[in-house]
Amino acid sequence: MVISKKEKNDILIDKKLYTISAKNEHIIIEAKKLSIGYTSRKKKTFIANHISFGLKKGELGAIVGINGIGKSTLLRTLGRVQPKLSGSILINNEPLESLKSDELATLVSVVLTEPIASKNLTVLQLVSLGRHPYTNWIGTLSADDQSKILKAINMLELDHLQHNKCYELSDGQLQKVMIARALAQDTEIILLDEPTTHLDLYHKVHILKLLQRIAHDTKKVVLYTTHEIDLAIQLCDKIFVMNRDNNSFGAPCALIESKSFEDLFPKDAITFNPESGSFKINK
Amino acid sequence: MQRSNTYLFPFLLLFLVLLFCFVLNLSLGSVAIPFNDTLTSILGGQIENESWQYIIWNYRVPKAFTAILVGSGLSLSGLLMQTLFRNPLAGPFVLGISSGASLGAALLIMGSTLFSQWFIFEVINDVSLAIASSIGSFLVLLAVIAVATRVKDTMALLIIGLMFGSITAALVSVLSYFTDADKLQQYIFWAFGSVGNLSGFQLALLSVFILIGILLSIISVKSLNALLLGENYARSLGVQLKKTRFIIIVATGLLAGAVTAFAGPIAFIGLAVPHLTRQIFNTTDHKILVPAVLVYGAILLLLCDLIAQLPSSSYVLPLNAITSVVGAPVVIWLLVRKKKMIF
């Protein structure tokens with residue numbers, strides 16, 4: 001049988017379409033057998049391996065684990081702040097490394113733990129920088145840009161602060177401004193590295209509920225790292241538990257059932273109570 | 001945004017001050033020419049005293065234009081450095097560019113006695129001096145760029161620049177130890193800094209370099225604004241860091257290198273002007289800051305040159321000393337009043 005070139009093309013396209021629809025099309029960000037760490041001149045230092053998970057549209061996810069397990073490294077790797085060591089990261093079924101930097105900027109926004117370089121920016125200017133990937137060569141804001149900036153400021157209740165300089169703000173306020181900036185960037189995925197450190201319980205809950213609202217209302221994927229496992233259990237749709245070679249991923253209830261939280265900490269110091277979903281100090 | 005309109009007034013004011021300083025710079029000097037006559041002369045009118053006409057057009061106008069170019073170029077390179085290195089103390093000197101130029105000039109002036117057997121430049125004049133210092137700053141710039149591609153941390157790059165500065169300073173002092181008094185004096189005179197004595201060709205060359213530097217800065221305005229958040233955030237906003245860093249370093253090198261080559265090392269303008277500008281224009285937006293530092297730097301250098309000329313006397317003070325005397329207290333004042341230097 002002779003197949004013309006056009007027919008061959010059509011078959012190829014069909015095949016491609018098929019493979020795409022065969023995968024779960026709702027998964028926005030996916031990690032497959034990912035290894036993370038640092039590369040120096042010759043040596044690769046692995047921090048964590050066997051990382052696999054996926055988040056769907058409108059889900060709030062948390063990455064939990066003990067200090068030094070690689071939560072921040074994972075988050076930074078997902079946001080391409082640093083390179084992965086092996087495995088793959090897919091954004092809308094496309095490999096992360098194949099995306100151009102301006103494309104990536106319209107898909108993923110990040111809130112990092114590092115302080116911003118210039119605290120002399122006003123809140124409005126800082127949030128406006130979130131529109132950077134969409135503006136022209138000199139950064140002129142269109143009417144659409146402005147409405148998105150104001151919407152982000154409004155959503156985080158920062159209206160009264162918008163002309164304040166960043167050095168005048170408290171830690172909690174600055175964190176909200178950084179989240180507003182990520183929101184103004186209008187990406188499908190928002191990654192946050194420990195957004196609730198340095199905050200009191202009320203403001204922790206406030207920020208986390210806000211993230212939940214952002215995920216559920218605006219149908220974005222919100223993924224953050226945290227130490228507060230009990231808060232994550234109460235608020236998140238999915239949790240990725242990092243525990244050396246025994247990582248697990250799922251809905252909080254399923255993770256409690258599979259006893260994923262039990263051996264996070266040494267048993268003689270802290271035990272997990274599955275009924276309340278919280279940790280207790282052993283006296 | 002509407003906000004850019006609010007800067008219209010300060011810009012207008014700054015331009016008027018610039019024009020005033022320009023004319024003032026033309027009228028004052030070892031021979032005082034009345035302000036009105038100066039104005040008439042540069043507006044194309046005829047003034048009675050022909051020697052005044054001659055002084056203005058053949059000596060003071062090129063000098064004033066050089067001062068404008070030097071002030072603008074140094075200030076802009078200071079602004080670029082402060083944003084790129086996220087360090088309020090950064091300036092054109094920290095990348096070792098100015099010290100590279102000094103080394104070039106020192107080798108030409110003082111090295112000729114040491115290496116006389118294979119020395120090509122027998123004639124030491126303004127042109128060969130400019131060439132030598134350009135080569136010096138360009139070589140240091142190349143070394144810095146070579147390091148910049150390997151070192152990811154800009155803070156480390158800043159320290160490397162300072163180290164380059166130390167090495168060149170050491171080489172210069174070795175050279176000056178072995179040279180004779182005449183040559184040493186000649187080098188010191190170059191190091192005093194001066195905006196006078198540039199030929200038309202040199203002035204044109206300087207303008208071309210400054211213009212390229214300004215153009216490169218203008219195309220980087222958007223990335224410079226993103227860099228205010230830090231490199232990681234800038235990258236997450238789609239800024240191509242390597243390319244941006246390269247463009248900014250080249251722009252700085254052209255601006256500071258060309259200025260130092262033609263006018264000698266002039267201290268503190270690059271460091272102080274961006275901070276002074278932020279006092280008037282309370283913004284971090286480089287769309288406003290880039291043109292503002294250009295005008296502000298020009299004004300400040302015109303004034304410094306005016307003081308250096310010691311009006312109505314036949315003495316001329318070293319320009320470099322005046323800029324330091326004006327610049328250093330400004331930095332101290334900013335630190336004391338603001339408690340911290342922000343950028």
# chains A, B, ... in the order shown; residues from 1 in each chain; ligands from 1
>>> residues_around(residues="Leu227 of chain B", least_positions_apart="5", cutoff="12 Å", atoms="only C-alpha atoms", output="PyMOL selection string")
(chain A and resi 116-118+121+126+129+132) or (chain B and resi 80-87+154+220-222+232-241+244-245+248+284-286+343)
>>> write_last_selection(atoms="N, CA, C and O atoms", output="short mmCIF file (atom, residue, chain, number, x, y, z; two decimals), in the first residue's frame")
data_model
loop_
_atom_site.label_atom_id
_atom_site.label_comp_id
_atom_site.auth_asym_id
_atom_site.auth_seq_id
_atom_site.Cartn_x
_atom_site.Cartn_y
_atom_site.Cartn_z
N ILE A 116 13.52 40.75 48.27
CA ILE A 116 13.66 41.45 46.99
C ILE A 116 14.83 42.42 47.09
O ILE A 116 15.18 42.88 48.17
N ALA A 117 15.44 42.71 45.93
CA ALA A 117 16.67 43.49 45.93
C ALA A 117 16.44 44.93 46.37
O ALA A 117 17.19 45.48 47.16
N SER A 118 15.39 45.55 45.84
CA SER A 118 15.15 46.95 46.15
C SER A 118 13.89 47.11 46.96
O SER A 118 12.79 46.91 46.46
N LEU A 121 10.89 50.06 46.15
CA LEU A 121 9.72 49.98 45.26
C LEU A 121 8.45 50.22 46.06
O LEU A 121 8.35 49.82 47.22
N LEU A 126 5.73 47.25 42.55
CA LEU A 126 6.16 45.86 42.68
C LEU A 126 5.14 44.92 42.04
O LEU A 126 5.50 44.01 41.29
N LEU A 129 5.25 44.95 38.31
CA LEU A 129 6.32 44.18 37.68
C LEU A 129 5.85 42.77 37.31
O LEU A 129 6.44 42.13 36.45
N HIS A 132 5.32 42.13 33.69
CA HIS A 132 6.51 42.18 32.84
C HIS A 132 6.45 41.29 31.59
O HIS A 132 6.79 41.73 30.50
N LEU B 80 23.47 51.98 36.26
CA LEU B 80 23.43 50.60 35.74
C LEU B 80 24.09 49.64 36.72
O LEU B 80 23.57 48.57 37.01
N MET B 81 25.27 50.05 37.24
CA MET B 81 25.99 49.19 38.16
C MET B 81 25.20 48.95 39.44
O MET B 81 25.16 47.85 39.96
N GLN B 82 24.58 50.02 39.96
CA GLN B 82 23.85 49.87 41.22
C GLN B 82 22.68 48.91 41.07
O GLN B 82 22.40 48.12 41.97
N THR B 83 22.00 48.98 39.94
CA THR B 83 20.88 48.06 39.74
C THR B 83 21.38 46.64 39.47
O THR B 83 20.87 45.68 40.03
N LEU B 84 22.39 46.52 38.63
CA LEU B 84 22.88 45.18 38.27
C LEU B 84 23.45 44.47 39.49
O LEU B 84 23.20 43.28 39.70
N PHE B 85 24.21 45.19 40.31
CA PHE B 85 24.85 44.55 41.47
C PHE B 85 24.00 44.65 42.72
O PHE B 85 24.43 44.21 43.78
N ARG B 86 22.81 45.22 42.59
CA ARG B 86 21.91 45.37 43.73
C ARG B 86 22.67 45.93 44.92
O ARG B 86 22.54 45.48 46.05
N ASN B 87 23.55 46.87 44.66
CA ASN B 87 24.39 47.40 45.72
C ASN B 87 24.47 48.92 45.58
O ASN B 87 24.89 49.42 44.55
N THR B 154 26.47 37.75 41.27
CA THR B 154 26.93 39.10 40.93
C THR B 154 27.73 39.73 42.07
O THR B 154 28.57 40.58 41.84
N SER B 220 17.59 48.26 27.71
CA SER B 220 17.59 47.41 28.90
C SER B 220 16.65 47.91 30.00
O SER B 220 16.57 47.29 31.06
N VAL B 221 15.94 49.02 29.73
CA VAL B 221 15.13 49.62 30.79
C VAL B 221 14.18 48.62 31.44
O VAL B 221 14.10 48.51 32.67
N LYS B 222 13.51 47.84 30.62
CA LYS B 222 12.52 46.91 31.15
C LYS B 222 13.18 45.85 32.04
O LYS B 222 12.71 45.55 33.13
N ASN B 232 16.72 36.03 40.60
CA ASN B 232 15.81 34.88 40.46
C ASN B 232 14.41 35.32 40.07
O ASN B 232 13.77 34.70 39.22
N TYR B 233 13.95 36.40 40.70
CA TYR B 233 12.63 36.90 40.33
C TYR B 233 12.64 37.42 38.90
O TYR B 233 11.71 37.21 38.14
N ALA B 234 13.72 38.11 38.53
CA ALA B 234 13.80 38.65 37.17
C ALA B 234 13.72 37.51 36.17
O ALA B 234 13.01 37.60 35.16
N ARG B 235 14.43 36.42 36.46
CA ARG B 235 14.39 35.28 35.53
C ARG B 235 12.99 34.71 35.45
O ARG B 235 12.50 34.37 34.37
N SER B 236 12.31 34.64 36.60
CA SER B 236 10.95 34.08 36.60
C SER B 236 9.98 34.99 35.84
O SER B 236 8.90 34.57 35.49
N LEU B 237 10.38 36.23 35.62
CA LEU B 237 9.54 37.15 34.85
C LEU B 237 9.90 37.13 33.37
O LEU B 237 9.43 37.93 32.59
N GLY B 238 10.79 36.22 32.99
CA GLY B 238 11.12 36.07 31.58
C GLY B 238 12.34 36.84 31.12
O GLY B 238 12.61 36.92 29.93
N VAL B 239 13.09 37.44 32.05
CA VAL B 239 14.30 38.16 31.67
C VAL B 239 15.40 37.15 31.35
O VAL B 239 15.62 36.21 32.11
N GLN B 240 16.06 37.34 30.19
CA GLN B 240 17.19 36.47 29.87
C GLN B 240 18.43 37.05 30.55
O GLN B 240 19.05 37.98 30.05
N LEU B 241 18.74 36.45 31.70
CA LEU B 241 19.75 37.05 32.58
C LEU B 241 21.10 37.23 31.92
O LEU B 241 21.71 38.29 32.00
N THR B 244 21.06 39.99 29.34
CA THR B 244 20.86 41.29 29.97
C THR B 244 22.12 41.75 30.69
O THR B 244 22.56 42.90 30.56
N ARG B 245 22.72 40.81 31.44
CA ARG B 245 23.92 41.15 32.20
C ARG B 245 25.03 41.58 31.24
O ARG B 245 25.74 42.54 31.50
N ILE B 248 24.35 45.09 29.86
CA ILE B 248 24.56 46.13 30.87
C ILE B 248 26.05 46.34 31.14
O ILE B 248 26.52 47.47 31.25
N THR B 284 11.66 54.24 41.40
CA THR B 284 12.68 53.25 41.08
C THR B 284 12.61 52.88 39.60
O THR B 284 13.37 52.07 39.12
N ASP B 285 11.65 53.51 38.90
CA ASP B 285 11.41 53.17 37.50
C ASP B 285 12.55 53.72 36.63
O ASP B 285 12.77 54.92 36.58
N HIS B 286 13.23 52.82 35.92
CA HIS B 286 14.36 53.26 35.11
C HIS B 286 13.95 54.09 33.91
O HIS B 286 14.77 54.77 33.32
N PHE B 343 18.23 51.76 47.10
CA PHE B 343 18.27 52.05 45.66
C PHE B 343 17.03 51.52 45.00
O PHE B 343 16.19 50.93 45.67
#
>>> interface_residues(of="chain A", to="chain B", cutoff="8 Å", atoms="only C-alpha atoms", output="PyMOL selection string")
chain A and resi 79-81+101-105+108-110+112+116-121+129-130+132-133+137-139+141
>>> write_last_selection(atoms="C-alpha atoms", output="CSV table (one decimal), in the first residue's frame")
chain,number,residue,atom,x,y,z
A,79,GLY,CA,10.0,26.9,38.9
A,80,ARG,CA,13.3,26.5,36.9
A,81,VAL,CA,15.1,28.7,39.3
A,101,SER,CA,11.9,31.9,29.3
A,102,ASP,CA,9.2,34.3,28.2
A,103,GLU,CA,6.8,31.4,27.6
A,104,LEU,CA,7.6,30.0,31.1
A,105,ALA,CA,7.0,33.5,32.6
A,108,VAL,CA,4.6,29.8,36.2
A,109,SER,CA,5.1,32.5,38.8
A,110,VAL,CA,7.1,32.1,41.9
A,112,LEU,CA,10.7,32.8,46.9
A,116,ILE,CA,13.7,41.5,47.0
A,117,ALA,CA,16.7,43.5,45.9
A,118,SER,CA,15.2,46.9,46.1
A,119,LYS,CA,12.9,47.7,49.1
A,120,ASN,CA,12.5,51.2,47.6
A,121,LEU,CA,9.7,50.0,45.3
A,129,LEU,CA,6.3,44.2,37.7
A,130,GLY,CA,4.2,41.0,37.6
A,132,HIS,CA,6.5,42.2,32.8
A,133,PRO,CA,6.0,39.2,30.5
A,137,TRP,CA,9.8,46.5,25.0
A,138,ILE,CA,9.9,49.4,27.4
A,139,GLY,CA,7.3,48.1,29.8
A,141,LEU,CA,1.2,49.0,31.0
>>> residues_around(residues="Ile307 of chain B", least_positions_apart="4", cutoff="10 Å", atoms="only C-alpha atoms", output="PDB file with N, CA, C and O atoms, in the first residue's frame")
ATOM      1  N   ASN B  25      28.765  78.042  32.753  1.00  0.00           N
ATOM      2  CA  ASN B  25      30.064  77.406  32.551  1.00  0.00           C
ATOM      3  C   ASN B  25      30.840  78.088  31.422  1.00  0.00           C
ATOM      4  O   ASN B  25      32.056  78.212  31.471  1.00  0.00           O
ATOM      5  N   LEU B  28      32.049  81.813  32.757  1.00  0.00           N
ATOM      6  CA  LEU B  28      33.041  81.951  33.820  1.00  0.00           C
ATOM      7  C   LEU B  28      34.293  81.135  33.520  1.00  0.00           C
ATOM      8  O   LEU B  28      34.254  80.091  32.896  1.00  0.00           O
ATOM      9  N   GLY B  29      35.405  81.646  33.988  1.00  0.00           N
ATOM     10  CA  GLY B  29      36.684  80.985  33.762  1.00  0.00           C
ATOM     11  C   GLY B  29      37.782  81.963  34.086  1.00  0.00           C
ATOM     12  O   GLY B  29      37.539  82.961  34.774  1.00  0.00           O
ATOM     13  N   LEU B 301      28.510  67.930  36.793  1.00  0.00           N
ATOM     14  CA  LEU B 301      29.878  68.037  36.289  1.00  0.00           C
ATOM     15  C   LEU B 301      30.174  69.428  35.740  1.00  0.00           C
ATOM     16  O   LEU B 301      31.295  69.916  35.880  1.00  0.00           O
ATOM     17  N   LEU B 302      29.147  70.067  35.158  1.00  0.00           N
ATOM     18  CA  LEU B 302      29.339  71.454  34.722  1.00  0.00           C
ATOM     19  C   LEU B 302      29.692  72.344  35.915  1.00  0.00           C
ATOM     20  O   LEU B 302      30.587  73.187  35.846  1.00  0.00           O
ATOM     21  N   LEU B 303      28.991  72.107  37.028  1.00  0.00           N
ATOM     22  CA  LEU B 303      29.254  72.902  38.230  1.00  0.00           C
ATOM     23  C   LEU B 303      30.638  72.596  38.798  1.00  0.00           C
ATOM     24  O   LEU B 303      31.379  73.504  39.180  1.00  0.00           O
ATOM     25  N   PRO B 311      36.994  80.659  38.902  1.00  0.00           N
ATOM     26  CA  PRO B 311      36.652  81.824  38.085  1.00  0.00           C
ATOM     27  C   PRO B 311      37.510  83.045  38.397  1.00  0.00           C
ATOM     28  O   PRO B 311      37.806  83.321  39.564  1.00  0.00           O
ATOM     29  N   VAL B 316      43.914  76.412  37.725  1.00  0.00           N
ATOM     30  CA  VAL B 316      42.886  75.399  37.498  1.00  0.00           C
ATOM     31  C   VAL B 316      43.122  74.268  38.489  1.00  0.00           C
ATOM     32  O   VAL B 316      44.223  73.726  38.566  1.00  0.00           O
ATOM     33  N   LEU B 317      42.087  73.958  39.264  1.00  0.00           N
ATOM     34  CA  LEU B 317      42.228  72.872  40.240  1.00  0.00           C
ATOM     35  C   LEU B 317      41.955  71.534  39.561  1.00  0.00           C
ATOM     36  O   LEU B 317      41.259  71.472  38.551  1.00  0.00           O
ATOM     37  N   PRO B 318      42.499  70.430  40.119  1.00  0.00           N
ATOM     38  CA  PRO B 318      42.189  69.120  39.541  1.00  0.00           C
ATOM     39  C   PRO B 318      40.700  68.800  39.677  1.00  0.00           C
ATOM     40  O   PRO B 318      40.158  68.874  40.778  1.00  0.00           O
ATOM     41  N   LEU B 319      40.093  68.459  38.553  1.00  0.00           N
ATOM     42  CA  LEU B 319      38.655  68.160  38.530  1.00  0.00           C
ATOM     43  C   LEU B 319      38.318  66.982  39.452  1.00  0.00           C
ATOM     44  O   LEU B 319      37.309  66.974  40.149  1.00  0.00           O
ATOM     45  N   ILE B 322      37.799  68.029  42.947  1.00  0.00           N
ATOM     46  CA  ILE B 322      36.530  68.735  43.173  1.00  0.00           C
ATOM     47  C   ILE B 322      35.371  67.751  43.251  1.00  0.00           C
ATOM     48  O   ILE B 322      34.534  67.825  44.151  1.00  0.00           O
ATOM     49  N   THR B 323      35.337  66.791  42.310  1.00  0.00           N
ATOM     50  CA  THR B 323      34.210  65.844  42.334  1.00  0.00           C
ATOM     51  C   THR B 323      34.225  65.031  43.621  1.00  0.00           C
ATOM     52  O   THR B 323      33.178  64.710  44.165  1.00  0.00           O
TER      53      THR B 323
END
>>> select_by_dssp(residues="segment 124-216 of chain A", states="alpha helix (DSSP H)", output="PyMOL selection string")
chain A and resi 124-128+143-155+171-184+201-216
>>> residues_around(residues="Leu255 of chain B", least_positions_apart="3", cutoff="6 Å", atoms="only C-alpha atoms", output="list in words")
Gly73, Ile210, Gly213, Thr252 and Ala258 of chain B
>>> write_last_selection(atoms="N, CA and C atoms", output="PDB file, in the first residue's frame")
ATOM      1  N   GLY B  73      27.660  60.293  31.177  1.00  0.00           N
ATOM      2  CA  GLY B  73      28.164  58.930  30.986  1.00  0.00           C
ATOM      3  C   GLY B  73      28.485  58.263  32.302  1.00  0.00           C
ATOM      4  N   ILE B 210      29.330  57.393  24.151  1.00  0.00           N
ATOM      5  CA  ILE B 210      28.289  57.686  25.149  1.00  0.00           C
ATOM      6  C   ILE B 210      26.917  57.378  24.564  1.00  0.00           C
ATOM      7  N   GLY B 213      26.272  53.749  24.593  1.00  0.00           N
ATOM      8  CA  GLY B 213      25.987  53.361  25.980  1.00  0.00           C
ATOM      9  C   GLY B 213      24.563  53.702  26.377  1.00  0.00           C
ATOM     10  N   THR B 252      28.137  49.757  30.484  1.00  0.00           N
ATOM     11  CA  THR B 252      28.943  50.403  31.525  1.00  0.00           C
ATOM     12  C   THR B 252      30.369  50.584  31.070  1.00  0.00           C
ATOM     13  N   ALA B 258      35.156  55.061  28.026  1.00  0.00           N
ATOM     14  CA  ALA B 258      35.383  56.197  27.123  1.00  0.00           C
ATOM     15  C   ALA B 258      35.636  57.472  27.915  1.00  0.00           C
TER      16      ALA B 258
END
>>> residues_around(residues="segment 58-64 of chain A", least_positions_apart="4", cutoff="9 Å", atoms="only C-alpha atoms", output="JSON, numbers by chain")
{"A": [71, 72, 74, 75, 211, 212, 213, 214, 215, 216, 217, 218, 219, 220, 221, 222, 223, 224, 225, 226, 227, 228, 229, 232, 233, 235, 236, 237, 238, 239, 240, 241, 242, 243]}
>>> residues_around(residues="Val273 of chain B", least_positions_apart="6", cutoff="8 Å", atoms="only C-alpha atoms", output="PyMOL selection string")
chain B and resi 75+78+293+296-297
>>> write_last_selection(atoms="N, CA, C and O atoms", output="mmCIF file, in the first residue's frame")
data_model
loop_
_atom_site.group_PDB
_atom_site.id
_atom_site.type_symbol
_atom_site.label_atom_id
_atom_site.label_comp_id
_atom_site.auth_asym_id
_atom_site.auth_seq_id
_atom_site.Cartn_x
_atom_site.Cartn_y
_atom_site.Cartn_z
ATOM 1 N N SER B 75 27.385 59.035 35.333
ATOM 2 C CA SER B 75 26.196 58.852 36.159
ATOM 3 C C SER B 75 25.372 57.670 35.684
ATOM 4 O O SER B 75 24.902 56.862 36.487
ATOM 5 N N GLY B 78 26.953 54.506 36.628
ATOM 6 C CA GLY B 78 26.750 54.265 38.057
ATOM 7 C C GLY B 78 25.373 53.681 38.331
ATOM 8 O O GLY B 78 25.230 52.720 39.086
ATOM 9 N N VAL B 293 19.186 60.774 35.477
ATOM 10 C CA VAL B 293 20.601 60.797 35.874
ATOM 11 C C VAL B 293 21.460 61.427 34.780
ATOM 12 O O VAL B 293 22.463 62.064 35.080
ATOM 13 N N TYR B 296 21.034 65.176 35.379
ATOM 14 C CA TYR B 296 21.586 65.537 36.676
ATOM 15 C C TYR B 296 23.115 65.444 36.672
ATOM 16 O O TYR B 296 23.818 66.335 37.170
ATOM 17 N N GLY B 297 23.626 64.362 36.092
ATOM 18 C CA GLY B 297 25.076 64.183 36.021
ATOM 19 C C GLY B 297 25.738 65.301 35.235
ATOM 20 O O GLY B 297 26.790 65.814 35.625
#
